[in-house]
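J.: Here you go, work_21.cif (mmCIF, C-alpha atoms):
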data_my_file
#
loop_
_atom_site.label_atom_id
_atom_site.label_comp_id
_atom_site.auth_asym_id
_atom_site.auth_seq_id
_atom_site.Cartn_x
_atom_site.Cartn_y
_atom_site.Cartn_z
CA MET A 223 59.51 71.91 -38.31
CA SER A 224 60.94 70.56 -35.03
CA PHE A 225 64.68 70.18 -34.57
CA PRO A 226 64.66 66.33 -34.14
CA PHE A 227 62.46 65.91 -37.24
CA TYR A 228 64.71 68.14 -39.35
CA ILE A 229 67.85 66.19 -38.38
CA ALA A 230 66.06 62.84 -38.92
CA LYS A 231 65.05 63.91 -42.42
CA ARG A 232 68.64 64.85 -43.23
CA TYR A 233 69.86 61.49 -41.94
CA LEU A 234 67.28 59.58 -43.98
CA PHE A 235 68.18 61.08 -47.34
CA SER A 236 71.86 61.95 -46.84
CA LYS A 237 74.71 59.67 -47.84
CA LYS A 238 76.15 57.66 -44.92
CA SER A 239 79.82 57.01 -44.33
CA THR A 240 79.12 53.30 -44.69
CA HIS A 241 77.29 52.36 -47.90
CA ALA A 242 75.69 49.33 -46.21
CA ILE A 243 73.58 51.65 -44.05
CA ASN A 244 71.96 53.20 -47.13
CA LEU A 245 71.40 49.73 -48.55
CA ILE A 246 69.78 48.41 -45.36
CA SER A 247 67.59 51.53 -45.11
CA GLY A 248 66.45 50.96 -48.69
CA ILE A 249 65.70 47.30 -47.93
CA SER A 250 63.72 48.41 -44.86
CA VAL A 251 61.57 50.73 -46.98
CA ILE A 252 61.04 48.00 -49.60
CA GLY A 253 60.10 45.43 -46.94
CA VAL A 254 57.50 47.72 -45.41
CA ALA A 255 56.23 48.68 -48.88
CA VAL A 256 55.80 45.04 -49.95
CA ALA A 257 53.92 44.13 -46.76
CA THR A 258 51.71 47.22 -47.15
CA MET A 259 51.04 46.40 -50.80
CA ALA A 260 50.02 42.85 -49.80
CA LEU A 261 47.57 44.26 -47.26
CA VAL A 262 45.99 46.60 -49.83
CA VAL A 263 45.62 43.92 -52.51
CA THR A 264 44.43 41.13 -50.19
CA LEU A 265 41.80 43.21 -48.38
CA SER A 266 40.59 44.64 -51.71
CA VAL A 267 40.12 41.11 -53.11
CA PHE A 268 38.06 40.17 -50.03
CA ASN A 269 36.01 43.32 -50.60
CA GLY A 270 35.54 42.30 -54.22
CA PHE A 271 34.14 38.90 -53.27
CA HIS A 272 31.94 40.52 -50.60
CA ASP A 273 30.44 42.99 -53.09
CA MET A 274 30.03 40.29 -55.74
CA VAL A 275 28.12 37.98 -53.37
CA ALA A 276 25.93 40.92 -52.33
CA THR A 277 24.88 41.46 -55.96
CA PHE A 278 23.90 37.80 -56.27
CA PHE A 279 21.72 37.94 -53.18
CA THR A 280 19.84 41.02 -54.39
CA SER A 281 18.53 39.01 -57.35
CA PHE A 282 16.57 36.69 -55.06
CA ASP A 283 16.23 38.13 -51.59
CA PRO A 284 13.65 40.83 -50.81
CA GLN A 285 14.68 44.31 -49.78
CA LEU A 286 13.06 43.79 -46.37
CA LYS A 287 11.82 40.58 -44.80
CA ILE A 288 9.44 40.26 -41.83
CA THR A 289 9.56 36.90 -40.01
CA PRO A 290 8.07 35.67 -36.71
CA ALA A 291 10.42 36.10 -33.76
CA LYS A 292 9.11 32.82 -32.31
CA GLY A 293 7.95 29.82 -34.30
CA LYS A 294 7.99 29.35 -38.07
CA THR A 295 4.64 30.84 -39.12
CA ALA A 296 2.23 33.65 -38.30
CA PRO A 297 -1.33 34.56 -39.36
CA ALA A 298 -1.35 36.41 -42.68
CA ASP A 299 -4.06 38.78 -41.38
CA ASP A 300 -2.14 39.77 -38.24
CA PRO A 301 -2.92 43.49 -37.54
CA ILE A 302 0.79 44.21 -37.09
CA LEU A 303 1.59 42.89 -40.57
CA THR A 304 -1.40 44.78 -41.99
CA GLU A 305 -0.10 48.01 -40.46
CA ILE A 306 3.35 47.39 -41.93
CA ARG A 307 1.88 46.75 -45.40
CA LYS A 308 0.06 50.09 -45.30
CA LEU A 309 3.18 52.17 -44.61
CA PRO A 310 3.56 54.87 -47.31
CA ALA A 311 7.09 53.71 -48.19
CA VAL A 312 5.99 50.14 -49.06
CA ASP A 313 5.67 49.58 -52.80
CA VAL A 314 5.30 45.77 -53.08
CA ALA A 315 4.36 43.24 -50.38
CA THR A 316 4.49 39.48 -50.95
CA GLU A 317 3.41 36.73 -48.58
CA SER A 318 5.68 33.70 -48.47
CA MET A 319 5.36 30.18 -47.10
CA GLU A 320 8.62 28.25 -46.90
CA ASP A 321 9.45 24.79 -45.56
CA ASN A 322 11.29 21.55 -46.34
CA ALA A 323 9.89 18.79 -48.53
CA LEU A 324 10.88 15.84 -50.74
CA ALA A 325 10.91 16.21 -54.54
CA VAL A 326 10.70 13.12 -56.78
CA TYR A 327 11.01 13.00 -60.57
CA GLU A 328 11.33 9.80 -62.60
CA GLY A 329 12.92 7.85 -59.76
CA ARG A 330 15.29 10.64 -58.69
CA GLN A 331 14.67 12.42 -55.42
CA ALA A 332 16.08 15.31 -53.40
CA MET A 333 15.34 17.17 -50.20
CA VAL A 334 14.24 20.66 -51.20
CA VAL A 335 13.04 23.94 -49.77
CA VAL A 336 9.60 24.77 -51.17
CA LYS A 337 9.09 28.54 -51.23
CA GLY A 338 5.51 29.59 -51.94
CA VAL A 339 5.13 33.19 -53.12
CA ASP A 340 2.44 35.53 -54.46
CA ASN A 341 2.08 36.29 -58.16
CA ASN A 342 3.83 39.64 -57.67
CA PHE A 343 7.12 37.98 -56.66
CA ALA A 344 8.74 39.13 -59.94
CA GLU A 345 7.91 42.74 -58.97
CA LEU A 346 9.45 42.22 -55.54
CA THR A 347 12.83 40.83 -56.65
CA HIS A 348 15.03 40.61 -59.74
CA ILE A 349 14.12 36.97 -60.35
CA THR A 350 13.44 37.54 -64.05
CA GLU A 351 17.06 38.61 -64.56
CA ILE A 352 18.41 35.19 -63.48
CA LEU A 353 16.05 32.90 -65.41
CA TYR A 354 17.20 30.42 -68.06
CA GLY A 355 15.02 28.55 -70.55
CA ASP A 356 12.44 29.15 -73.25
CA GLY A 357 9.47 29.97 -70.99
CA GLU A 358 8.42 32.80 -68.69
CA PHE A 359 8.23 33.25 -64.94
CA GLU A 360 4.76 31.88 -64.23
CA LEU A 361 3.59 30.05 -61.13
CA GLN A 362 -0.11 29.56 -61.79
CA ALA A 363 -2.53 29.52 -64.71
CA ALA A 364 -6.16 28.56 -64.05
CA ASN A 365 -5.94 25.25 -62.14
CA LEU A 366 -2.37 24.53 -63.25
CA GLN A 367 0.47 25.02 -60.77
CA TYR A 368 4.08 25.49 -61.86
CA GLY A 369 7.38 25.18 -60.07
CA VAL A 370 10.60 27.06 -60.87
CA LEU A 371 13.69 25.09 -59.79
CA GLY A 372 17.22 26.16 -59.03
CA LEU A 373 19.79 25.25 -61.69
CA ARG A 374 21.69 22.67 -59.63
CA LEU A 375 18.48 21.11 -58.28
CA ALA A 376 17.17 20.70 -61.83
CA ALA A 377 20.42 18.93 -62.76
CA GLN A 378 20.20 16.68 -59.69
CA LEU A 379 16.61 15.64 -60.48
CA GLY A 380 17.29 15.44 -64.22
CA THR A 381 14.38 17.71 -65.14
CA GLY A 382 16.19 20.32 -67.22
CA ALA A 383 14.52 23.69 -67.76
CA ARG A 384 11.35 22.00 -69.01
CA TRP A 385 10.13 18.60 -67.86
CA LYS A 386 7.30 16.57 -69.40
CA ASP A 387 5.87 14.59 -66.50
CA TYR A 388 4.71 15.79 -63.11
CA LEU A 389 7.24 16.70 -60.44
CA LYS A 390 6.00 15.08 -57.23
CA ILE A 391 6.38 16.95 -53.92
CA TYR A 392 5.91 15.21 -50.56
CA ALA A 393 5.63 16.76 -47.10
CA PRO A 394 4.83 15.03 -43.77
CA LYS A 395 1.37 15.55 -42.35
CA ARG A 396 1.35 17.72 -39.24
CA GLU A 397 -1.47 15.84 -37.53
CA GLY A 398 -2.13 12.22 -36.69
CA GLN A 399 0.23 9.31 -36.04
CA LEU A 400 2.40 7.38 -38.49
CA ASP A 401 0.89 4.07 -39.59
CA MET A 402 3.80 1.78 -40.43
CA THR A 403 1.52 -0.46 -42.50
CA ALA A 404 0.74 2.46 -44.84
CA PRO A 405 3.60 4.99 -44.49
CA GLU A 406 2.57 6.79 -47.67
CA GLU A 407 -0.54 8.04 -45.86
CA ALA A 408 1.66 10.03 -43.48
CA PHE A 409 2.61 12.40 -46.30
CA VAL A 410 0.81 15.10 -48.24
CA GLU A 411 1.44 14.65 -51.96
CA ASP A 412 1.08 17.24 -54.68
CA SER A 413 2.56 17.79 -58.12
CA LEU A 414 3.96 20.60 -60.25
CA LEU A 415 4.26 21.34 -63.96
CA SER A 416 7.16 23.09 -65.68
CA PRO A 417 6.92 26.72 -66.84
CA GLY A 418 9.99 26.14 -69.04
CA VAL A 419 12.47 28.15 -66.96
CA ILE A 420 14.89 27.61 -64.09
CA PHE A 421 16.78 30.19 -62.02
CA SER A 422 20.47 30.53 -61.14
CA VAL A 423 21.53 32.78 -58.27
CA LYS A 424 25.03 31.30 -58.49
CA GLN A 425 24.81 30.40 -54.81
CA ALA A 426 24.50 26.74 -53.78
CA LYS A 427 22.09 27.63 -50.98
CA TYR A 428 19.47 28.58 -53.57
CA ASP A 429 20.43 26.81 -56.78
CA LYS A 430 20.71 23.38 -55.14
CA ASN A 431 17.70 23.51 -52.79
CA TYR A 432 14.94 25.93 -53.74
CA ILE A 433 11.71 25.51 -55.70
CA LEU A 434 9.47 28.54 -56.24
CA VAL A 435 5.76 27.63 -56.21
CA PRO A 436 2.39 29.40 -55.79
CA ILE A 437 1.74 30.24 -52.15
CA SER A 438 -1.59 28.38 -52.31
CA PHE A 439 0.34 25.22 -53.28
CA ALA A 440 2.74 25.62 -50.35
CA ARG A 441 -0.03 26.32 -47.84
CA ASN A 442 -1.94 23.25 -48.94
CA LEU A 443 1.22 21.09 -48.92
CA PHE A 444 2.24 22.14 -45.40
CA TRP A 445 -1.29 22.42 -43.96
CA GLN A 446 -0.81 26.13 -43.26
CA GLU A 447 -3.96 27.74 -44.67
CA GLY A 448 -4.12 31.45 -43.85
CA MET A 449 -0.55 31.45 -42.53
CA LEU A 450 2.79 32.79 -43.77
CA SER A 451 6.40 32.21 -42.85
CA SER A 452 7.49 35.68 -43.95
CA LEU A 453 6.22 38.94 -45.38
CA GLU A 454 8.62 40.23 -48.03
CA LEU A 455 8.69 43.90 -48.99
CA ARG A 456 10.08 46.27 -51.57
CA LEU A 457 10.17 49.99 -50.83
CA LYS A 458 9.36 52.83 -53.17
CA ALA A 459 12.29 54.44 -54.99
CA GLY A 460 14.01 57.08 -52.90
CA SER A 461 12.85 55.68 -49.56
CA ASP A 462 15.26 55.80 -46.62
CA LEU A 463 15.83 52.08 -45.93
CA ASP A 464 17.26 52.53 -42.44
CA LYS A 465 14.50 54.93 -41.41
CA VAL A 466 11.72 52.67 -42.71
CA LYS A 467 13.32 49.59 -41.14
CA LYS A 468 13.47 51.37 -37.78
CA GLN A 469 9.82 52.36 -38.12
CA MET A 470 8.82 48.78 -38.92
CA ARG A 471 10.73 47.45 -35.93
CA GLN A 472 8.86 49.86 -33.69
CA ILE A 473 5.56 48.49 -35.05
CA ALA A 474 6.68 44.83 -34.91
CA LYS A 475 8.17 45.18 -31.41
CA ASP A 476 9.30 41.76 -30.15
CA LYS A 477 6.79 39.75 -32.17
CA TYR A 478 8.53 39.95 -35.56
CA LYS A 479 12.05 40.36 -36.91
CA VAL A 480 12.68 42.98 -39.60
CA GLU A 481 15.77 42.24 -41.70
CA ASP A 482 17.37 43.84 -44.75
CA ARG A 483 19.28 41.84 -47.37
CA TYR A 484 22.55 41.83 -45.45
CA GLU A 485 20.85 40.76 -42.23
CA GLN A 486 19.02 37.97 -44.06
CA GLN A 487 22.43 36.59 -45.07
CA ALA A 488 24.21 37.56 -41.85
CA ASP A 489 25.99 34.21 -41.46
CA THR A 490 27.51 34.36 -44.94
CA PHE A 491 28.76 37.91 -44.58
CA ARG A 492 30.00 37.28 -41.05
CA ILE A 493 32.14 34.40 -42.30
CA MET A 494 33.58 36.63 -45.02
CA GLU A 495 34.34 39.37 -42.49
CA VAL A 496 36.09 36.85 -40.21
CA GLU A 497 38.18 35.57 -43.14
CA LYS A 498 39.13 39.13 -44.04
CA PHE A 499 40.08 39.90 -40.44
CA ILE A 500 42.24 36.77 -40.19
CA ALA A 501 44.01 37.72 -43.43
CA TYR A 502 44.60 41.21 -42.00
CA ILE A 503 46.10 39.75 -38.79
CA PHE A 504 48.44 37.36 -40.65
CA LEU A 505 49.67 40.07 -43.02
CA THR A 506 50.21 42.40 -40.07
CA PHE A 507 52.52 39.77 -38.56
CA ILE A 508 54.45 39.76 -41.84
CA LEU A 509 54.63 43.54 -41.55
CA VAL A 510 56.09 43.18 -38.05
CA VAL A 511 58.82 40.92 -39.44
CA ALA A 512 59.54 43.47 -42.19
CA CYS A 513 59.93 46.18 -39.55
CA PHE A 514 62.82 44.29 -37.95
CA ASN A 515 64.89 45.54 -40.91
CA ILE A 516 64.24 49.06 -39.65
CA ILE A 517 65.76 48.12 -36.28
CA GLY A 518 68.94 46.92 -37.99
CA SER A 519 69.13 50.06 -40.10
CA LEU A 520 68.68 52.37 -37.10
CA SER A 521 71.19 50.43 -34.99
CA MET A 522 73.87 50.92 -37.64
CA LEU A 523 72.84 54.56 -38.10
CA ILE A 524 73.21 55.24 -34.36
CA ILE A 525 76.71 53.78 -34.41
CA ASP A 526 77.59 55.70 -37.59
CA LYS A 527 76.41 59.02 -36.12
CA LYS A 528 78.06 58.76 -32.72
CA ASP A 529 80.37 61.69 -33.55
CA ASP A 530 77.35 63.75 -34.64
CA VAL A 531 75.66 62.93 -31.34
CA VAL A 532 78.62 64.39 -29.43
CA THR A 533 78.46 67.55 -31.56
CA LEU A 534 74.69 67.90 -31.03
CA ARG A 535 75.12 67.54 -27.26
CA ASN A 536 77.82 70.22 -27.29
CA LEU A 537 75.44 72.49 -29.20
CA GLY A 538 72.86 72.08 -26.44
CA ALA A 539 70.67 69.25 -27.67
CA SER A 540 69.16 67.23 -24.82
CA ASP A 541 69.34 63.46 -24.61
CA LYS A 542 65.56 63.34 -25.17
CA GLN A 543 65.89 65.30 -28.42
CA ILE A 544 68.67 63.04 -29.66
CA ILE A 545 66.58 59.93 -28.97
CA ARG A 546 63.67 61.53 -30.79
CA ILE A 547 65.88 62.05 -33.85
CA PHE A 548 66.30 58.30 -34.29
CA LEU A 549 62.67 57.61 -33.39
CA PHE A 550 61.62 60.01 -36.14
CA GLU A 551 64.01 58.23 -38.49
CA GLY A 552 62.23 54.90 -37.86
CA ARG A 553 58.80 56.48 -38.25
CA MET A 554 59.79 58.13 -41.53
CA ILE A 555 61.01 54.81 -42.93
CA SER A 556 57.66 53.25 -41.96
CA ALA A 557 55.67 56.15 -43.43
CA LEU A 558 57.68 56.13 -46.67
CA GLY A 559 57.22 52.38 -47.04
CA ALA A 560 53.49 52.74 -46.28
CA VAL A 561 52.97 55.42 -48.93
CA ILE A 562 54.93 53.51 -51.59
CA GLY A 563 53.18 50.23 -50.73
CA ILE A 564 49.71 51.81 -50.83
CA LEU A 565 50.39 53.46 -54.20
CA ILE A 566 51.70 50.22 -55.72
CA GLY A 567 48.78 48.27 -54.18
CA LEU A 568 46.24 50.71 -55.63
CA LEU A 569 47.95 50.48 -59.03
CA LEU A 570 47.78 46.68 -58.97
CA CYS A 571 44.11 46.80 -57.94
CA TRP A 572 43.35 49.15 -60.84
CA ILE A 573 45.15 46.87 -63.29
CA GLN A 574 43.19 43.85 -61.99
CA GLN A 575 39.88 45.74 -62.15
CA THR A 576 40.57 46.98 -65.68
CA PHE A 577 42.28 44.02 -67.33
CA GLY A 578 41.57 41.02 -65.05
CA VAL A 579 45.20 39.89 -65.19
CA VAL A 580 44.89 37.23 -62.45
CA SER A 581 42.22 34.73 -63.55
CA LEU A 582 40.31 32.23 -61.45
CA GLY A 583 40.44 29.37 -63.92
CA GLN A 584 42.10 28.14 -67.07
CA SER A 585 38.98 28.46 -69.20
CA SER A 586 36.49 31.29 -69.48
CA GLY A 587 33.14 30.61 -67.80
CA SER A 588 34.44 27.99 -65.37
CA PHE A 589 33.58 30.25 -62.44
CA VAL A 590 31.07 32.99 -61.69
CA VAL A 591 33.69 35.54 -62.74
CA ASP A 592 36.75 34.91 -64.89
CA ALA A 593 39.16 37.02 -62.80
CA TYR A 594 39.55 37.84 -59.12
CA PRO A 595 37.13 40.66 -58.23
CA VAL A 596 38.69 43.71 -56.58
CA SER A 597 37.04 46.54 -54.67
CA VAL A 598 39.08 49.23 -52.91
CA HIS A 599 37.45 50.68 -49.78
CA PRO A 600 38.88 54.00 -48.50
CA THR A 601 38.39 52.88 -44.90
CA ASP A 602 40.69 49.91 -45.53
CA ILE A 603 43.39 52.17 -46.97
CA ILE A 604 43.21 54.44 -43.90
CA LEU A 605 43.32 51.40 -41.60
CA ILE A 606 46.35 49.97 -43.43
CA PHE A 607 48.24 53.28 -43.32
CA PHE A 608 47.77 53.74 -39.58
CA THR A 609 48.52 50.05 -38.97
CA VAL A 610 51.88 50.42 -40.70
CA LEU A 611 52.67 53.59 -38.73
CA LEU A 612 51.68 51.95 -35.43
CA VAL A 613 53.63 48.75 -36.09
CA GLY A 614 56.66 50.72 -37.22
CA PHE A 615 56.53 52.94 -34.14
CA LEU A 616 56.18 50.02 -31.72
CA ALA A 617 58.91 48.03 -33.50
CA VAL A 618 61.55 50.75 -33.12
CA TRP A 619 60.51 52.40 -29.87
CA TYR A 620 62.38 50.16 -27.40
CA PRO A 621 65.45 49.30 -29.55
CA VAL A 622 66.08 52.96 -30.42
CA ARG A 623 65.79 54.10 -26.82
CA TYR A 624 68.08 51.25 -25.71
CA PHE A 625 70.84 51.83 -28.30
CA ALA A 626 70.66 55.61 -28.02
CA ARG A 627 71.02 55.56 -24.26
CA ARG A 628 73.98 53.21 -24.54
CA LEU A 629 75.54 55.69 -26.95
CA LEU A 630 74.83 58.64 -24.66
CA GLU A 631 76.35 57.03 -21.57
#
Could I get this file's structure written as structure tokens?
T.:
Amino acid sequence: MSFPFYIAKRYLFSKKSTHAINLISGISVIGVAVATMALVVTLSVFNGFHDMVATFFTSFDPQLKITPAKGKTAPADDPILTEIRKLPAVDVATESMEDNALAVYEGRQAMVVVKGVDNNFAELTHITEILYGDGEFELQAANLQYGVLGLRLAAQLGTGARWKDYLKIYAPKREGQLDMTAPEEAFVEDSLLSPGVIFSVKQAKYDKNYILVPISFARNLFWQEGMLSSLELRLKAGSDLDKVKKQMRQIAKDKYKVEDRYEQQADTFRIMEVEKFIAYIFLTFILVVACFNIIGSLSMLIIDKKDDVVTLRNLGASDKQIIRIFLFEGRMISALGAVIGILIGLLLCWIQQTFGVVSLGQSSGSFVVDAYPVSVHPTDIILIFFTVLLVGFLAVWYPVRYFARRLLE
């Protein structure tokens, strides 16, 4: 244990000649602890929402998705896609055709995203876990073609989980010119029956816009026979996702994009990361303000210990060592506040995770979850701890050196 650190520890915990110094030191520790606790709780709540949204996406999005790097479609029999399908790690492969269209039901209409998929789509994703209604996930039976709507889209069109009449789907023809005397001829029209179920991902992007249909229906509607807009894959259990993704990218080269679930929703997660970073910056500014209390505490301590400083100099202590004593004092206050704040923050996170004390709404079921989700990431705790130490060090470095040198003059 170094000499300056030993003296600083004695100063921190010993009784001062002026009681106000002990009080201000205690307030400094509390201020740092509260700011640290706020950082732990806030970042953990952002993590909770991030993890919650990720679980919703995994119910609909494929594990890996191959899309053309240029244009919207590619030939389904492309040798590159065939080679990717045949990789040993691939368990399920589904062709998909996706594009915009107009849905009309009993006078109500909405712009929708028609997503045509193979019959093995239920094996590819967890779609069956988010279905509601009295039917089953079925897209085709003999010559009948079914459509599975998102929950909010079904409400907008007034279909419910099971509708009686045909749901009309319109898409513009990709060839020829528009005849204003017969505009209806510029559209391809087809219709869907109800399988008796709808899906709810609990994300507006899907629930408000998407209709799942047979891929043959989508190809006919969009005049894309033999084409696909994406190849969606599920890997065998135990496969190394990153390794397989890298291998697929080597095969696809620049012709296709290979994306995992997080990359498919990159914009959503990027927004959440930006929000979390902004919250971290704002709370760090609050931490800086809290550290000004440490400056006041150290200033009074330096004045209170001026006689001790004379004694230490007579005993051979250098001016550098004396300055380091008060620097260590400021760092110890920051470290003590950081530890207390982190422990209290972790306790509050555990209480929220276990009991859901802070709710999102007045009534149960109003939101996706009843209480704020919380997820503690060790990397965040490490970042917070070192942030507090760094801010505390920078906050006291110049004031301590200034006041100490004035005292030593």
J.: Using all atoms listed in the file, what does the table of range 271-389 of chain A residues within 7 Å of range 457-480 of chain A look like, with each row giving the shortest atom pair and its distance in Å to one decimal, sorted by chain and ascending number, as a Markdown table?
T.:
| residue | atom | partner | partner_atom | distance |
| --- | --- | --- | --- | --- |
| A:Leu286 | CA | A:Val480 | CA | 6.8 |
| A:Lys287 | CA | A:Val480 | CA | 5.8 |
| A:Ile288 | CA | A:Val480 | CA | 4.8 |
| A:Thr289 | CA | A:Lys479 | CA | 5.3 |
| A:Pro290 | CA | A:Tyr478 | CA | 4.5 |
| A:Ala291 | CA | A:Tyr478 | CA | 4.7 |
| A:Ile302 | CA | A:Ala474 | CA | 6.3 |
| A:Ile306 | CA | A:Met470 | CA | 6.4 |
| A:Ala311 | CA | A:Leu457 | CA | 5.5 |
| A:Val312 | CA | A:Leu457 | CA | 4.5 |
| A:Asp313 | CA | A:Leu457 | CA | 4.9 |
| A:Val314 | CA | A:Leu457 | CA | 6.8 |
J.: Suppose you want the space between CA of Ile555 in chain A and CA of Ala501 in chain A; what is it in Å?
T.: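 If I compute the distance from CA of Ile555 in chain A to CA of Ala501 in chain A, I get 24.1 Å.
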J.: For a test of reading the model, state the distance in Å between CA of Asn269 in chain A and CA of Ala617 in chain A, rounded to one decimal.
T.: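 These two atoms are separated by 29.0 Å.
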J.: Just so the selection is clear, what residues does the PyMOL selection byres ((chain A and resi 622) around 12) cover here, as number ranges by chain?
T.: A: 514, 516-525, 542, 544-553, 614-621, 623-630
J.: Within 7 Å of (-0.5, 20.8, -54.5), all atoms listed in the file: residues as JSON, numbers by chain?
T.: {"A": [411, 412, 413, 439, 442, 443]}
J.: Which residues fall under the PyMOL selection byres ((chain A and resi 323-333) around 6) in this file, as an MDAnalysis selection string?
T.: chainID A and resid 322 334 379 389:393
J.: State, in Å with one decimal place, the distance from CA of Val339 in chain A to CA of Thr316 in chain A.
T.: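 Distance reported for this atom pair: 6.7 Å.
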J.: Given the file shown, determine the residues that the PyMOL selection byres ((chain A and resi 366) around 10) selects; report them as a list in words.
T.: Leu361, Gln362, Ala363, Ala364, Asn365, Gln367, Tyr368, Ser413, Leu414, Leu415 and Ser416 of chain A
J.: Pick out the residues sitting within 7 Å of range 422-434 of chain A, and hand them over as a ChimeraX atom specification; count all atoms listed in the file, and ignore anything fewer than 2 positions along from it in its own chain.
T.: /A:278,281,334-338,352-353,369-375,420
J.: Nearest to Glu481 in chain A: which of A:Leu453, A:Ile508, A:Val579, A:Ala296 is it, counting all atoms listed in the file?
T.: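 Result for the nearest residue to Glu481 in chain A: A:Leu453.
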J.: Can you pull out every residue within 9 Å of Leu611 in chain A, counting only C-alpha atoms, but drop anything in the same chain fewer than 5 positions away, and send it as an NGL selection string?
T.: :A and (553-554 or 556-557 or 560 or 606 or 616)
J.: Determine, counting all atoms listed in the file, which protein, DNA and RNA residues have an atom within 10 Å of an atom of Gln575 in chain A; residues of the same chain fewer than 2 positions away are not included. Present the result as a PyMOL selection string.
T.: chain A and resi 270+569-573+577-580+593-598
J.: Give as a list in words each residue that has an atom at most 10 Å from (-0.2, 24.6, -46.7) in the file, counting only C-alpha atoms.
T.: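 I get Met319, Glu320, Asp321, Gly338, Ala393, Val410, Ile437, Ser438, Phe439, Ala440, Arg441, Asn442, Leu443, Phe444, Trp445, Gln446, Glu447, Gly448, Met449 and Leu450 of chain A for the residues within 10 Å of that point.
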J.: Could the residues in this selection be written to a file with C-alpha atoms, as a PDB file, keeping the file's coordinate frame?
T.:
ATOM      1  CA  MET A 319       5.360  30.180 -47.100  1.00  0.00           C
ATOM      2  CA  GLU A 320       8.620  28.250 -46.900  1.00  0.00           C
ATOM      3  CA  ASP A 321       9.450  24.790 -45.560  1.00  0.00           C
ATOM      4  CA  GLY A 338       5.510  29.590 -51.940  1.00  0.00           C
ATOM      5  CA  ALA A 393       5.630  16.760 -47.100  1.00  0.00           C
ATOM      6  CA  VAL A 410       0.810  15.100 -48.240  1.00  0.00           C
ATOM      7  CA  ILE A 437       1.740  30.240 -52.150  1.00  0.00           C
ATOM      8  CA  SER A 438      -1.590  28.380 -52.310  1.00  0.00           C
ATOM      9  CA  PHE A 439       0.340  25.220 -53.280  1.00  0.00           C
ATOM     10  CA  ALA A 440       2.740  25.620 -50.350  1.00  0.00           C
ATOM     11  CA  ARG A 441      -0.030  26.320 -47.840  1.00  0.00           C
ATOM     12  CA  ASN A 442      -1.940  23.250 -48.940  1.00  0.00           C
ATOM     13  CA  LEU A 443       1.220  21.090 -48.920  1.00  0.00           C
ATOM     14  CA  PHE A 444       2.240  22.140 -45.400  1.00  0.00           C
ATOM     15  CA  TRP A 445      -1.290  22.420 -43.960  1.00  0.00           C
ATOM     16  CA  GLN A 446      -0.810  26.130 -43.260  1.00  0.00           C
ATOM     17  CA  GLU A 447      -3.960  27.740 -44.670  1.00  0.00           C
ATOM     18  CA  GLY A 448      -4.120  31.450 -43.850  1.00  0.00           C
ATOM     19  CA  MET A 449      -0.550  31.450 -42.530  1.00  0.00           C
ATOM     20  CA  LEU A 450       2.790  32.790 -43.770  1.00  0.00           C
TER      21      LEU A 450
END
J.: How about completing range 553-563 of chain A with N, CA and C atoms and giving it to me as an mmCIF file, keeping the file's coordinate frame?
T.:
data_model
loop_
_atom_site.group_PDB
_atom_site.id
_atom_site.type_symbol
_atom_site.label_atom_id
_atom_site.label_comp_id
_atom_site.auth_asym_id
_atom_site.auth_seq_id
_atom_site.Cartn_x
_atom_site.Cartn_y
_atom_site.Cartn_z
ATOM 1 N N ARG A 553 60.175 56.183 -37.817
ATOM 2 C CA ARG A 553 58.800 56.480 -38.250
ATOM 3 C C ARG A 553 58.762 56.916 -39.709
ATOM 4 N N MET A 554 59.763 57.667 -40.136
ATOM 5 C CA MET A 554 59.790 58.130 -41.530
ATOM 6 C C MET A 554 60.007 56.972 -42.486
ATOM 7 N N ILE A 555 60.837 56.002 -42.090
ATOM 8 C CA ILE A 555 61.010 54.810 -42.930
ATOM 9 C C ILE A 555 59.687 54.062 -43.055
ATOM 10 N N SER A 556 58.962 53.918 -41.934
ATOM 11 C CA SER A 556 57.660 53.250 -41.960
ATOM 12 C C SER A 556 56.670 54.009 -42.835
ATOM 13 N N ALA A 557 56.620 55.338 -42.661
ATOM 14 C CA ALA A 557 55.670 56.150 -43.430
ATOM 15 C C ALA A 557 55.992 56.110 -44.917
ATOM 16 N N LEU A 558 57.287 56.174 -45.253
ATOM 17 C CA LEU A 558 57.680 56.130 -46.670
ATOM 18 C C LEU A 558 57.311 54.782 -47.277
ATOM 19 N N GLY A 559 57.597 53.708 -46.545
ATOM 20 C CA GLY A 559 57.220 52.380 -47.040
ATOM 21 C C GLY A 559 55.714 52.237 -47.172
ATOM 22 N N ALA A 560 54.953 52.823 -46.224
ATOM 23 C CA ALA A 560 53.490 52.740 -46.280
ATOM 24 C C ALA A 560 52.952 53.454 -47.513
ATOM 25 N N VAL A 561 53.453 54.644 -47.781
ATOM 26 C CA VAL A 561 52.970 55.420 -48.930
ATOM 27 C C VAL A 561 53.294 54.693 -50.240
ATOM 28 N N ILE A 562 54.530 54.218 -50.359
ATOM 29 C CA ILE A 562 54.930 53.510 -51.590
ATOM 30 C C ILE A 562 54.099 52.232 -51.752
ATOM 31 N N GLY A 563 53.944 51.480 -50.664
ATOM 32 C CA GLY A 563 53.180 50.230 -50.730
ATOM 33 C C GLY A 563 51.725 50.461 -51.095
#
